[in-house]
file model14.txt (compact mmCIF, C-alpha atoms)
# COMPACT_ATOMS: atom_id res chain seq x y z
CA MET A 273 0.00 0.00 0.00
CA SER A 274 2.76 2.43 0.91
CA ASP A 275 4.26 1.98 -2.58
CA TYR A 276 1.20 3.68 -4.07
CA LEU A 277 0.91 6.53 -1.59
CA PRO A 278 3.11 9.61 -1.75
CA ASP A 279 4.90 10.65 1.43
CA GLN A 280 2.63 13.68 1.81
CA VAL A 281 -0.48 11.47 1.99
CA LEU A 282 1.20 9.10 4.44
CA ALA A 283 1.97 12.09 6.62
CA GLU A 284 -1.68 13.18 6.43
CA ILE A 285 -2.72 9.76 7.74
CA PHE A 286 -0.11 9.66 10.51
CA PHE A 287 -1.14 13.13 11.70
CA ARG A 288 -4.47 11.61 12.76
CA LEU A 289 -3.06 8.66 14.73
CA PRO A 290 -2.05 8.44 18.42
CA ALA A 291 1.64 9.05 19.11
CA LYS A 292 2.44 5.50 20.20
CA THR A 293 0.73 4.06 17.10
CA VAL A 294 2.71 6.41 14.87
CA LEU A 295 6.00 5.31 16.43
CA ASP A 296 5.02 1.64 16.11
CA CYS A 297 4.43 2.21 12.38
CA ARG A 298 8.16 2.83 11.95
CA CYS A 299 8.63 -0.95 11.94
CA VAL A 300 6.26 -1.57 9.01
CA CYS A 301 8.65 -0.59 6.22
CA LYS A 302 11.54 1.74 5.42
CA SER A 303 9.39 4.30 3.61
CA TRP A 304 7.05 4.67 6.62
CA CYS A 305 10.02 4.92 8.97
CA SER A 306 11.54 7.61 6.76
CA VAL A 307 8.38 9.72 6.92
CA ILE A 308 7.84 9.31 10.66
CA THR A 309 11.43 9.96 11.72
CA ASN A 310 11.73 13.08 9.59
CA PRO A 311 12.19 15.95 12.10
CA ASN A 312 9.85 18.19 10.11
CA PHE A 313 7.04 15.63 10.34
CA MET A 314 7.46 15.33 14.11
CA PHE A 315 7.50 19.10 14.47
CA GLU A 316 4.23 19.41 12.52
CA TYR A 317 2.66 16.51 14.44
CA ASN A 318 3.42 18.15 17.78
CA LYS A 319 2.26 21.57 16.57
CA LEU A 320 -1.11 20.15 15.49
CA SER A 321 -1.50 18.28 18.77
CA PHE A 322 -0.80 21.39 20.85
CA LYS A 323 -3.20 23.53 18.79
CA ASN A 324 -6.18 21.17 18.92
CA THR A 325 -7.09 21.92 22.53
CA ASN A 326 -10.81 21.83 21.73
CA ASN A 327 -10.46 18.19 20.68
CA VAL A 328 -8.58 17.03 23.77
CA THR A 329 -10.33 13.95 25.14
CA ARG A 330 -7.84 12.83 27.78
CA PHE A 331 -6.99 14.08 31.25
CA LEU A 332 -3.81 13.05 33.08
CA VAL A 333 -4.07 12.85 36.88
CA SER A 334 -1.38 12.09 39.44
CA TYR A 335 -1.80 11.62 43.17
CA TYR A 336 -0.13 9.97 46.13
CA ASP A 337 -1.97 6.85 47.29
CA MET A 338 -2.01 6.95 51.09
CA ASP A 339 -2.64 3.20 51.43
CA GLU A 340 -0.06 1.94 48.92
CA GLN A 341 2.46 4.72 49.78
CA ARG A 342 3.32 5.41 46.15
CA GLU A 343 2.66 7.85 43.32
CA ILE A 344 -0.06 6.86 40.85
CA PHE A 345 -0.70 8.27 37.38
CA THR A 346 -4.06 7.70 35.66
CA LEU A 347 -5.13 8.69 32.16
CA HIS A 348 -8.86 9.39 31.81
CA HIS A 349 -10.53 9.03 28.41
CA GLY A 350 -13.83 10.45 27.20
CA ASP A 351 -15.38 12.74 24.62
CA TYR A 352 -17.62 14.70 26.95
CA SER A 353 -16.73 14.19 30.59
CA ILE A 354 -14.19 12.68 32.94
CA SER A 355 -15.24 9.15 33.78
CA ASP A 356 -14.05 6.31 35.97
CA HIS A 357 -15.24 3.86 33.34
CA TYR A 358 -12.67 4.97 30.76
CA HIS A 359 -9.36 5.38 32.51
CA GLU A 360 -6.11 3.47 32.85
CA GLU A 361 -3.33 3.47 35.40
CA LEU A 362 -0.04 4.22 33.69
CA GLU A 363 2.94 1.99 34.37
CA LEU A 364 5.93 4.08 35.35
CA PRO A 365 8.97 3.16 33.21
CA PHE A 366 11.43 4.03 35.97
CA ASP A 367 12.29 2.43 39.30
CA HIS A 368 10.35 3.91 42.21
CA GLY A 369 11.51 1.50 44.88
CA LEU A 370 14.32 3.66 46.29
CA SER A 371 13.01 7.06 45.20
CA ARG A 372 10.02 9.34 45.53
CA TYR A 373 8.85 11.53 42.67
CA MET A 374 7.36 14.97 43.18
CA ILE A 375 5.51 16.65 40.35
CA ILE A 376 7.09 19.75 38.85
CA GLY A 377 4.51 20.03 36.07
CA PHE A 378 2.90 18.78 32.86
CA CYS A 379 3.44 20.64 29.58
CA CYS A 380 2.74 19.82 25.93
CA GLY A 381 2.80 16.06 26.31
CA LEU A 382 5.70 15.74 28.78
CA VAL A 383 5.78 15.29 32.56
CA CYS A 384 8.57 16.80 34.68
CA LEU A 385 9.32 15.10 38.03
CA LEU A 386 11.78 15.71 40.85
CA GLU A 387 13.45 12.46 41.93
CA ILE A 388 14.22 12.28 45.67
CA SER A 389 15.96 9.43 47.46
CA LYS A 390 13.83 7.94 50.22
CA ALA A 391 16.78 7.30 52.53
CA GLU A 392 18.62 10.65 52.45
CA ARG A 393 15.63 12.76 51.32
CA LEU A 394 17.99 14.43 48.85
CA PRO A 395 16.98 15.56 45.34
CA GLN A 396 18.77 13.32 42.87
CA SER A 397 17.70 14.57 39.46
CA LEU A 398 14.95 15.90 37.25
CA LEU A 399 13.11 13.27 35.25
CA ILE A 400 11.28 13.95 31.98
CA TRP A 401 8.67 11.38 30.92
CA ASN A 402 6.49 11.04 27.83
CA PRO A 403 3.41 9.01 28.92
CA SER A 404 2.04 8.78 25.37
CA VAL A 405 5.10 6.76 24.33
CA GLY A 406 5.26 4.87 27.64
CA TYR A 407 8.86 3.72 27.77
CA SER A 408 10.32 7.12 26.95
CA PHE A 409 11.96 8.99 29.84
CA LYS A 410 15.19 10.82 30.62
CA THR A 411 17.04 12.11 33.70
CA PHE A 412 18.99 15.33 34.23
CA PRO A 413 21.29 15.87 37.24
CA ILE A 414 20.60 18.79 39.58
CA HIS A 415 23.62 20.92 40.41
CA SER A 416 24.38 22.62 43.73
CA PRO A 417 22.97 24.08 45.82
CA VAL A 418 21.19 20.81 46.56
CA ALA A 419 19.72 20.38 50.03
CA LYS A 420 17.69 17.88 51.99
CA ILE A 421 13.89 18.02 51.61
CA ASP A 422 12.09 18.64 54.90
CA GLN A 423 9.82 15.95 56.33
CA GLN A 424 6.58 17.86 55.62
CA SER A 425 7.39 18.39 51.97
CA PHE A 426 8.70 14.82 51.66
CA GLY A 427 5.32 13.64 52.86
CA TYR A 428 3.57 15.73 50.21
CA GLY A 429 2.65 18.55 52.55
CA GLN A 430 0.81 21.65 51.45
CA TYR A 431 3.93 23.46 50.26
CA GLY A 432 5.17 20.73 47.97
CA PRO A 433 8.86 20.16 47.15
CA SER A 434 10.03 23.65 47.98
CA ILE A 435 11.52 23.71 51.49
CA GLN A 436 15.07 22.43 51.87
CA PHE A 437 17.68 22.49 54.61
CA SER A 438 21.43 22.72 54.05
CA GLN A 439 24.07 23.14 56.77
CA GLY A 440 21.77 24.98 59.15
CA LYS A 441 20.22 27.40 56.65
CA ILE A 442 16.89 27.22 54.89
CA LEU A 443 16.70 27.19 51.10
CA VAL A 444 13.51 27.59 49.08
CA SER A 445 13.53 26.02 45.62
CA ILE A 446 10.89 26.95 43.06
CA PHE A 447 10.65 25.19 39.69
CA GLY A 448 8.90 25.93 36.41
CA PHE A 449 8.55 23.66 33.38
CA GLY A 450 7.48 24.88 29.95
CA TYR A 451 7.55 24.54 26.18
CA VAL A 452 9.26 27.04 23.85
CA PRO A 453 7.33 27.16 20.54
CA LYS A 454 9.95 29.29 18.76
CA THR A 455 12.64 26.63 19.16
CA ASN A 456 10.47 23.51 19.52
CA ASP A 457 12.18 22.81 22.83
CA TYR A 458 11.43 22.45 26.54
CA LYS A 459 13.06 24.20 29.49
CA VAL A 460 13.12 23.98 33.29
CA VAL A 461 13.80 27.10 35.37
CA ARG A 462 14.92 26.82 39.00
CA ILE A 463 14.89 29.71 41.48
CA VAL A 464 16.64 29.15 44.82
CA TYR A 465 16.14 31.59 47.71
CA HIS A 466 18.00 31.78 51.01
CA LEU A 467 15.27 32.19 53.64
CA GLU A 468 16.42 34.45 56.48
CA THR A 469 13.40 33.82 58.73
CA SER A 470 11.01 30.92 59.19
CA CYS A 471 7.80 32.87 58.52
CA VAL A 472 5.47 31.88 55.69
CA VAL A 473 6.17 35.26 54.10
CA SER A 474 9.65 36.40 55.02
CA LYS A 475 12.74 38.11 53.69
CA ARG A 476 14.59 36.17 51.04
CA VAL A 477 17.84 36.50 49.15
CA VAL A 478 18.32 34.95 45.71
CA GLU A 479 20.95 32.20 45.83
CA ILE A 480 20.81 31.13 42.20
CA ILE A 481 18.56 31.13 39.15
CA ASP A 482 19.38 28.63 36.44
CA VAL A 483 17.70 27.25 33.33
CA LEU A 484 17.92 23.72 31.92
CA THR A 485 17.44 23.32 28.15
CA LEU A 486 16.25 19.78 27.50
CA SER A 487 17.60 19.40 23.97
CA THR A 488 21.17 20.13 25.11
CA GLY A 489 20.96 18.88 28.71
CA GLU A 490 22.89 21.95 29.90
CA TRP A 491 22.16 24.32 32.80
CA GLU A 492 22.72 28.07 32.36
CA ASN A 493 23.15 30.44 35.31
CA ILE A 494 20.99 33.57 34.87
CA THR A 495 21.06 34.85 38.47
CA GLU A 496 21.80 38.37 37.22
CA ALA A 497 18.33 38.39 35.62
CA ALA A 498 16.59 38.06 39.03
CA PRO A 499 13.31 40.03 39.14
CA PRO A 500 12.54 42.79 41.69
CA TYR A 501 9.68 40.75 43.13
CA LEU A 502 9.76 37.42 44.99
CA ILE A 503 7.80 34.26 44.25
CA LYS A 504 5.69 32.58 46.90
CA ARG A 505 7.25 29.35 48.08
CA ASN A 506 3.95 27.43 47.78
CA SER A 507 3.07 28.88 44.39
CA VAL A 508 2.25 26.40 41.64
CA HIS A 509 3.10 27.43 38.09
CA ALA A 510 1.29 27.55 34.76
CA SER A 511 2.89 27.32 31.33
CA VAL A 512 1.15 29.51 28.74
CA ASN A 513 2.30 31.22 25.53
CA GLY A 514 5.94 30.12 25.87
CA ALA A 515 6.24 31.48 29.42
CA VAL A 516 5.98 30.14 32.97
CA HIS A 517 3.81 31.98 35.51
CA TRP A 518 3.59 32.02 39.33
CA ILE A 519 2.16 34.34 41.97
CA GLY A 520 4.81 36.87 42.98
CA TYR A 521 4.86 39.62 45.58
CA TYR A 522 6.65 42.78 46.65
CA GLU A 523 7.60 42.88 50.32
CA GLY A 524 5.76 45.26 52.65
CA SER A 525 7.01 47.14 55.70
CA ASP A 526 5.71 44.33 57.91
CA GLU A 527 7.61 41.07 57.36
CA ARG A 528 4.30 39.23 57.68
CA SER A 529 2.67 41.15 54.84
CA VAL A 530 3.23 42.03 51.22
CA SER A 531 2.73 45.40 49.57
CA GLN A 532 1.55 44.05 46.22
CA LEU A 533 0.74 40.75 44.54
CA VAL A 534 1.58 40.25 40.86
CA VAL A 535 1.63 37.48 38.30
CA ALA A 536 5.32 36.57 37.96
CA VAL A 537 6.27 35.78 34.36
CA PHE A 538 9.38 34.06 33.01
CA ASP A 539 9.76 34.19 29.22
CA MET A 540 11.29 30.82 28.31
CA TYR A 541 12.65 32.02 24.96
CA GLY A 542 14.26 35.29 26.02
CA GLU A 543 14.97 33.99 29.56
CA VAL A 544 13.78 37.23 31.16
CA PHE A 545 11.33 37.96 33.97
CA LYS A 546 8.23 40.13 33.58
CA GLU A 547 5.08 40.77 35.60
CA PHE A 548 1.32 41.22 35.12
CA ASN A 549 -1.00 43.06 37.48
CA LEU A 550 -3.94 41.22 39.03
CA PRO A 551 -7.50 42.07 37.92
CA ASN A 552 -8.85 45.29 39.38
CA GLY A 553 -11.92 43.46 40.61
CA MET A 554 -9.97 40.91 42.64
CA MET A 555 -9.48 41.63 46.34
CA SER A 556 -5.86 42.24 47.30
CA ASP A 557 -4.36 39.39 49.29
CA THR A 558 -2.31 40.89 52.15
CA VAL A 559 -1.68 37.52 53.81
CA LYS A 560 -1.82 38.87 57.35
CA PHE A 561 -2.57 36.57 60.24
CA GLY A 562 -5.79 37.28 62.15
CA GLU A 563 -7.61 38.98 59.29
CA ARG A 564 -11.30 38.27 58.77
CA GLU A 565 -10.91 36.85 55.29
CA VAL A 566 -8.43 34.08 54.48
CA GLN A 567 -7.37 34.01 50.84
CA LYS A 568 -5.06 32.25 48.44
CA ILE A 569 -4.36 33.12 44.81
CA SER A 570 -2.89 30.68 42.32
CA VAL A 571 -2.26 30.57 38.57
CA ALA A 572 -3.56 27.98 36.11
CA ALA A 573 -3.77 27.28 32.39
CA ILE A 574 -7.32 26.91 31.06
CA LYS A 575 -7.55 26.05 27.35
CA GLN A 576 -4.11 27.55 26.71
CA SER A 577 -5.07 30.85 28.38
CA LEU A 578 -3.66 32.25 31.61
CA ALA A 579 -6.09 32.00 34.53
CA LEU A 580 -6.17 32.98 38.21
CA LEU A 581 -7.73 30.87 40.95
CA HIS A 582 -8.85 32.99 43.91
CA TYR A 583 -9.60 30.71 46.90
CA HIS A 584 -11.33 32.32 49.88
CA SER A 585 -13.24 31.53 53.07
CA HIS A 586 -13.98 32.96 56.51
CA ALA A 587 -11.07 32.88 58.95
CA ARG A 588 -12.87 30.49 61.29
CA ASP A 589 -13.06 27.84 58.55
CA GLU A 590 -10.22 25.40 58.17
CA ALA A 591 -10.68 25.05 54.41
CA PHE A 592 -11.33 27.25 51.42
CA LEU A 593 -15.02 26.82 50.61
CA SER A 594 -15.10 28.61 47.26
CA CYS A 595 -12.88 29.68 44.38
CA SER A 596 -13.32 32.47 41.82
CA ILE A 597 -11.81 31.82 38.39
CA TRP A 598 -10.47 34.70 36.27
CA LEU A 599 -9.28 34.36 32.65
CA MET A 600 -6.90 36.60 30.66
CA ASN A 601 -8.69 36.61 27.29
CA GLU A 602 -5.85 38.40 25.48
CA TYR A 603 -2.40 37.38 26.67
CA GLY A 604 -0.50 40.29 28.18
CA SER A 605 -3.52 42.62 28.30
CA ILE A 606 -4.42 43.47 31.91
CA GLU A 607 -7.75 44.95 30.73
CA SER A 608 -8.78 41.55 29.34
CA TRP A 609 -9.02 39.87 32.78
CA THR A 610 -12.57 38.46 33.02
CA LYS A 611 -14.24 36.68 35.91
CA LEU A 612 -15.72 33.41 34.65
CA TYR A 613 -17.53 31.93 37.66
CA ASN A 614 -17.36 30.85 41.30
CA VAL A 615 -16.85 27.27 42.42
CA THR A 616 -18.39 26.51 45.82
CA ILE A 617 -18.21 23.07 47.45
CA HIS A 618 -19.29 22.36 51.03
CA SER A 619 -16.56 19.73 51.49
CA GLY A 620 -13.93 22.40 50.81
CA VAL A 621 -12.09 23.38 47.63
CA GLY A 622 -8.62 22.00 48.27
CA LYS A 623 -7.29 22.34 44.75
CA ILE A 624 -8.66 22.91 41.26
CA LEU A 625 -6.59 20.78 38.90
CA GLY A 626 -7.65 21.88 35.45
CA ASN A 627 -10.31 22.40 32.83
CA TRP A 628 -11.88 19.66 30.75
CA ARG A 629 -14.09 19.70 27.67
CA LYS A 630 -17.54 21.30 28.03
CA GLY A 631 -16.25 23.41 30.93
CA GLU A 632 -15.88 20.55 33.40
CA LEU A 633 -13.36 21.00 36.24
CA LEU A 634 -11.46 18.50 38.35
CA VAL A 635 -11.54 19.51 42.03
CA GLY A 636 -9.77 17.98 45.03
CA THR A 637 -11.78 18.44 48.24
CA VAL A 638 -10.42 18.99 51.75
CA TYR A 639 -12.70 17.33 54.29
CA ASN A 640 -13.16 13.92 52.62
CA TRP A 641 -10.06 13.85 50.37
CA ALA A 642 -12.24 13.21 47.32
CA LEU A 643 -11.61 14.01 43.68
CA LEU A 644 -14.70 15.50 42.01
CA SER A 645 -15.67 16.13 38.42
CA PHE A 646 -17.50 19.47 38.76
CA HIS A 647 -19.47 21.43 36.14
CA PRO A 648 -19.71 25.09 37.25
CA ARG A 649 -22.51 25.95 34.84
CA TYR A 650 -24.91 23.23 35.98
CA ARG A 651 -23.55 23.03 39.55
CA THR A 652 -23.26 19.26 39.29
CA ALA A 653 -20.50 17.09 40.75
CA ARG A 654 -19.50 13.44 40.43
CA ARG A 655 -17.04 11.69 42.69
CA LEU A 656 -14.21 9.70 41.11
CA THR A 657 -12.68 6.58 42.64
CA VAL A 658 -9.46 8.40 43.50
CA ARG A 659 -8.57 9.20 47.09
CA GLY A 660 -5.46 11.05 48.17
CA GLU A 661 -4.33 14.07 50.14
CA PRO A 662 -5.83 17.09 48.30
CA TRP A 663 -2.55 19.02 48.23
CA CYS A 664 -0.83 16.25 46.25
CA TYR A 665 -3.41 16.01 43.46
CA TYR A 666 -2.11 17.18 40.11
CA GLY A 667 -3.81 17.02 36.74
CA ASP A 668 -4.54 18.69 33.44
CA ALA A 669 -5.85 18.03 29.95
CA TYR A 670 -3.29 15.87 28.18
CA MET A 671 -2.00 16.36 24.62
CA GLU A 672 0.25 13.77 22.99
CA CYS A 673 3.65 14.52 21.49
CA LEU A 674 6.36 12.69 19.55
CA VAL A 675 9.27 13.71 21.78
CA ILE A 676 11.51 10.70 22.35
CA CYS A 677 13.75 10.44 25.41
CA LYS A 678 16.48 7.82 25.37
CA LYS A 679 20.01 6.92 26.45
CA ILE A 680 22.93 6.31 24.11
CA ASP A 681 26.05 4.79 25.68
CA GLY A 682 24.80 5.81 29.11
CA VAL A 683 24.27 9.45 28.10
CA SER A 684 20.74 10.85 28.15
CA THR A 685 19.49 12.55 25.00
CA MET A 686 16.19 14.06 23.95
CA SER A 687 14.93 14.74 20.45
CA THR A 688 11.89 15.17 18.27
CA SER A 689 13.18 12.42 15.99
CA SER A 690 14.61 9.00 16.66
CA ASP A 691 18.09 9.86 15.45
CA GLU A 692 18.96 13.46 16.22
CA THR A 693 18.16 16.48 18.31
CA THR A 694 16.88 19.46 16.33
CA THR A 695 15.58 22.91 17.07
CA GLY A 696 12.72 24.81 15.52
CA GLN A 697 15.07 26.73 13.24
CA GLU A 698 16.69 23.52 12.01
CA LEU A 699 13.29 22.00 11.33
CA GLU A 700 12.38 24.87 9.04
CA THR A 701 15.37 24.13 6.79
CA GLU A 702 14.55 20.45 6.23
CA SER A 703 14.14 19.54 2.56
CA SER A 704 11.02 17.43 3.19
CA SER A 705 7.94 19.32 4.31
CA TYR A 706 4.95 17.55 5.84
CA LYS A 707 1.97 19.82 6.37
CA ILE A 708 -1.74 19.13 6.03
CA THR A 709 -2.80 20.39 2.61
CA ASP A 710 -6.19 20.70 0.94
CA LYS A 711 -5.15 18.10 -1.64
CA GLY A 712 -4.16 15.70 1.10
CA LYS A 713 -7.52 16.12 2.81
CA GLU A 714 -9.30 15.37 -0.48
CA ILE A 715 -7.34 12.15 -0.96
CA LEU A 716 -8.06 11.05 2.61
CA GLU A 717 -11.78 11.74 2.23
CA GLU A 718 -11.89 9.60 -0.91

call {"tool": "encode", "arguments": {"input": "model14.txt", "output": "structure tokens"}}
result
Amino acid sequence: MSDYLPDQVLAEIFFRLPAKTVLDCRCVCKSWCSVITNPNFMFEYNKLSFKNTNNVTRFLVSYYDMDEQREIFTLHHGDYSISDHYHEELELPFDHGLSRYMIIGFCCGLVCLLEISKAERLPQSLLIWNPSVGYSFKTFPIHSPVAKIDQQSFGYGQYGPSIQFSQGKILVSIFGFGYVPKTNDYKVVRIVYHLETSCVVSKRVVEIIDVLTLSTGEWENITEAAPPYLIKRNSVHASVNGAVHWIGYYEGSDERSVSQLVVAVFDMYGEVFKEFNLPNGMMSDTVKFGEREVQKISVAAIKQSLALLHYHSHARDEAFLSCSIWLMNEYGSIESWTKLYNVTIHSGVGKILGNWRKGELLVGTVYNWALLSFHPRYRTARRLTVRGEPWCYYGDAYMECLVICKKIDGVSTMSTSSDETTTGQELETESSSYKITDKGKEILEE
């Protein structure tokens, strides 16, 4: 069959197949392998996958199982809603007997994890995993300063893998993981603060800021590019528009308060920090103990747009009972912040994981440690058969990619083809071009 089909038509067919199936097709014949392993084809495949967010039908969820004492990853399938009837537990391709793995983030088909030894509680490396391929993963060493993870964070406490101790001083490590469309590459940014006091909000000094480029495996020190604001130690990040975002703050006169909250932005391509103001309609979070209202603001990515999650409750309540969701309709435009809706759950809104098709949200509750599929428009909720500490839930809509991670002679490599590592600029100069054309669509329809 392949002898009668031009490469362009084969590419049109492969564009519509799952990533693992496409890679398996390399073994059919040399002509198929040539099409699939062409870097330009893989670049176009990934670009189409990342653009088709409206057609995403899978949701990747990770959580720590309290009974089995291990991390579990599940992939939920469905055209219209998240369902327990169509999900699978993913088999981790790496050894988790001697190590624990803390989630750094998901982005454009890849999962970034922090590997920590169970015995010494020391970070060993960063691990990049492609669940759509299954066997594909890669490790990157973490350079100094490396310090021991505290017991609370090691047990998946509220603040995650951020608090570390080294020779009597406290270090705060903050990570961000994102995709760079301009170079068809992925990067990890690490910000390490020296914490001078033990308060939740306290004075910090930047120890180091470095960036890992996955295609080269090299770390670059960019400490001189440190921003004027600080980033909250318990701030999750969101990767949108080639940048990583957290909640940042400017210190106030009182060490237990902040003068201003901002959206901290790190441009992955230019490797520079920026900031966005919060919506004018959102109450300022001063984070002062004893105030009437208790609040928390976090960032998220909803359908490839930057969003803010504003959790709030009365001070006498132990949990956040509701969450307001704001969306930046036009990236970079402060005036485009729009409040979408409020999410209120009596069992406590521990964490909103992400947005699904038809507006459905995945919510981790506080009081009963449940994971709910919640539709804010119809105010309906369904409980999933997943039970873990709400702070350790992590999930988002999942898009496949053809990034292959492997080891050659004991050295880790990462590429968008099976034979070489290429960048976006290199892909543009390839002699073979595989893009969906009108003629190709006509042939497929016939």

call {"tool": "closest_residue", "arguments": {"input": "model14.txt", "among": "A:Thr610, A:Ser389, A:Ser594, A:Asn601", "to": "A:Pro551", "atoms": "all atoms listed in the file"}}
result
A:Thr610

call {"tool": "atom_distance", "arguments": {"input": "model14.txt", "atom1": "atom CA of A:Leu644", "atom2": "atom CA of A:Ile569"}}
result
20.6 Å

call {"tool": "residues_around", "arguments": {"input": "model14.txt", "residues": "A:Val307", "least_positions_apart": "4", "cutoff": "8 Å", "atoms": "all atoms listed in the file", "output": "ChimeraX atom specification"}}
result
/A:279,282-283,303,313

call {"tool": "residues_around", "arguments": {"input": "model14.txt", "residues": "A:Trp304", "least_positions_apart": "6", "cutoff": "12 Å", "atoms": "all atoms listed in the file", "output": "short mmCIF file (atom, residue, chain, number, x, y, z; two decimals) with C-alpha atoms, keeping the file's coordinate frame"}}
result
data_model
loop_
_atom_site.label_atom_id
_atom_site.label_comp_id
_atom_site.auth_asym_id
_atom_site.auth_seq_id
_atom_site.Cartn_x
_atom_site.Cartn_y
_atom_site.Cartn_z
CA MET A 273 0.00 0.00 0.00
CA SER A 274 2.76 2.43 0.91
CA ASP A 275 4.26 1.98 -2.58
CA LEU A 277 0.91 6.53 -1.59
CA PRO A 278 3.11 9.61 -1.75
CA ASP A 279 4.90 10.65 1.43
CA GLN A 280 2.63 13.68 1.81
CA VAL A 281 -0.48 11.47 1.99
CA LEU A 282 1.20 9.10 4.44
CA ALA A 283 1.97 12.09 6.62
CA ILE A 285 -2.72 9.76 7.74
CA PHE A 286 -0.11 9.66 10.51
CA VAL A 294 2.71 6.41 14.87
CA LEU A 295 6.00 5.31 16.43
CA ASP A 296 5.02 1.64 16.11
CA CYS A 297 4.43 2.21 12.38
CA ARG A 298 8.16 2.83 11.95
CA ASN A 310 11.73 13.08 9.59
CA PHE A 313 7.04 15.63 10.34
#

call {"tool": "atom_distance", "arguments": {"input": "model14.txt", "atom1": "atom CA of A:Tyr521", "atom2": "atom CA of A:Glu496"}}
result
18.9 Å

call {"tool": "atom_distance", "arguments": {"input": "model14.txt", "atom1": "atom CA of A:Ala579", "atom2": "atom CA of A:Gly542"}}
result
22.3 Å

call {"tool": "closest_residue", "arguments": {"input": "model14.txt", "among": "A:Asp668, A:Glu632, A:Asp457, A:Glu340", "to": "A:Tyr541", "atoms": "only C-alpha atoms"}}
result
A:Asp457

call {"tool": "closest_residue", "arguments": {"input": "model14.txt", "among": "A:Leu467, A:Val675, A:Ala653, A:Leu578", "to": "A:Ile400", "atoms": "all atoms listed in the file"}}
result
A:Val675

call {"tool": "closest_residue", "arguments": {"input": "model14.txt", "among": "A:Pro403, A:Tyr670, A:Gly520, A:His466", "to": "A:His349", "atoms": "all atoms listed in the file"}}
result
A:Tyr670

call {"tool": "residues_around", "arguments": {"input": "model14.txt", "residues": "A:Val405", "least_positions_apart": "3", "cutoff": "9 Å", "atoms": "all atoms listed in the file", "output": "list of chain:residue names"}}
result
A:Ala291, A:Lys292, A:Thr293, A:Leu295, A:Trp401, A:Asn402, A:Ser408, A:Glu672, A:Cys673, A:Leu674, A:Val675, A:Ile676

call {"tool": "write_last_selection", "arguments": {"input": "model14.txt", "atoms": "C-alpha atoms", "output": "CSV table (one decimal), in the coordinates of the input"}}
result
chain,number,residue,atom,x,y,z
A,291,ALA,CA,1.6,9.0,19.1
A,292,LYS,CA,2.4,5.5,20.2
A,293,THR,CA,0.7,4.1,17.1
A,295,LEU,CA,6.0,5.3,16.4
A,401,TRP,CA,8.7,11.4,30.9
A,402,ASN,CA,6.5,11.0,27.8
A,408,SER,CA,10.3,7.1,27.0
A,672,GLU,CA,0.2,13.8,23.0
A,673,CYS,CA,3.6,14.5,21.5
A,674,LEU,CA,6.4,12.7,19.6
A,675,VAL,CA,9.3,13.7,21.8
A,676,ILE,CA,11.5,10.7,22.4

call {"tool": "closest_residue", "arguments": {"input": "model14.txt", "among": "A:Leu443, A:Val461, A:Leu625, A:Leu599", "to": "A:Ser334", "atoms": "only C-alpha atoms"}}
result
A:Leu625

call {"tool": "residues_around", "arguments": {"input": "model14.txt", "residues": "A:Phe378", "least_positions_apart": "4", "cutoff": "9 Å", "atoms": "only C-alpha atoms", "output": "number ranges by chain"}}
result
A: 332, 382-384, 449-450, 511, 666-668, 670

call {"tool": "closest_residue", "arguments": {"input": "model14.txt", "among": "A:Tyr650, A:Tyr583, A:Phe366, A:Phe447", "to": "A:Asp482", "atoms": "all atoms listed in the file"}}
result
A:Phe447
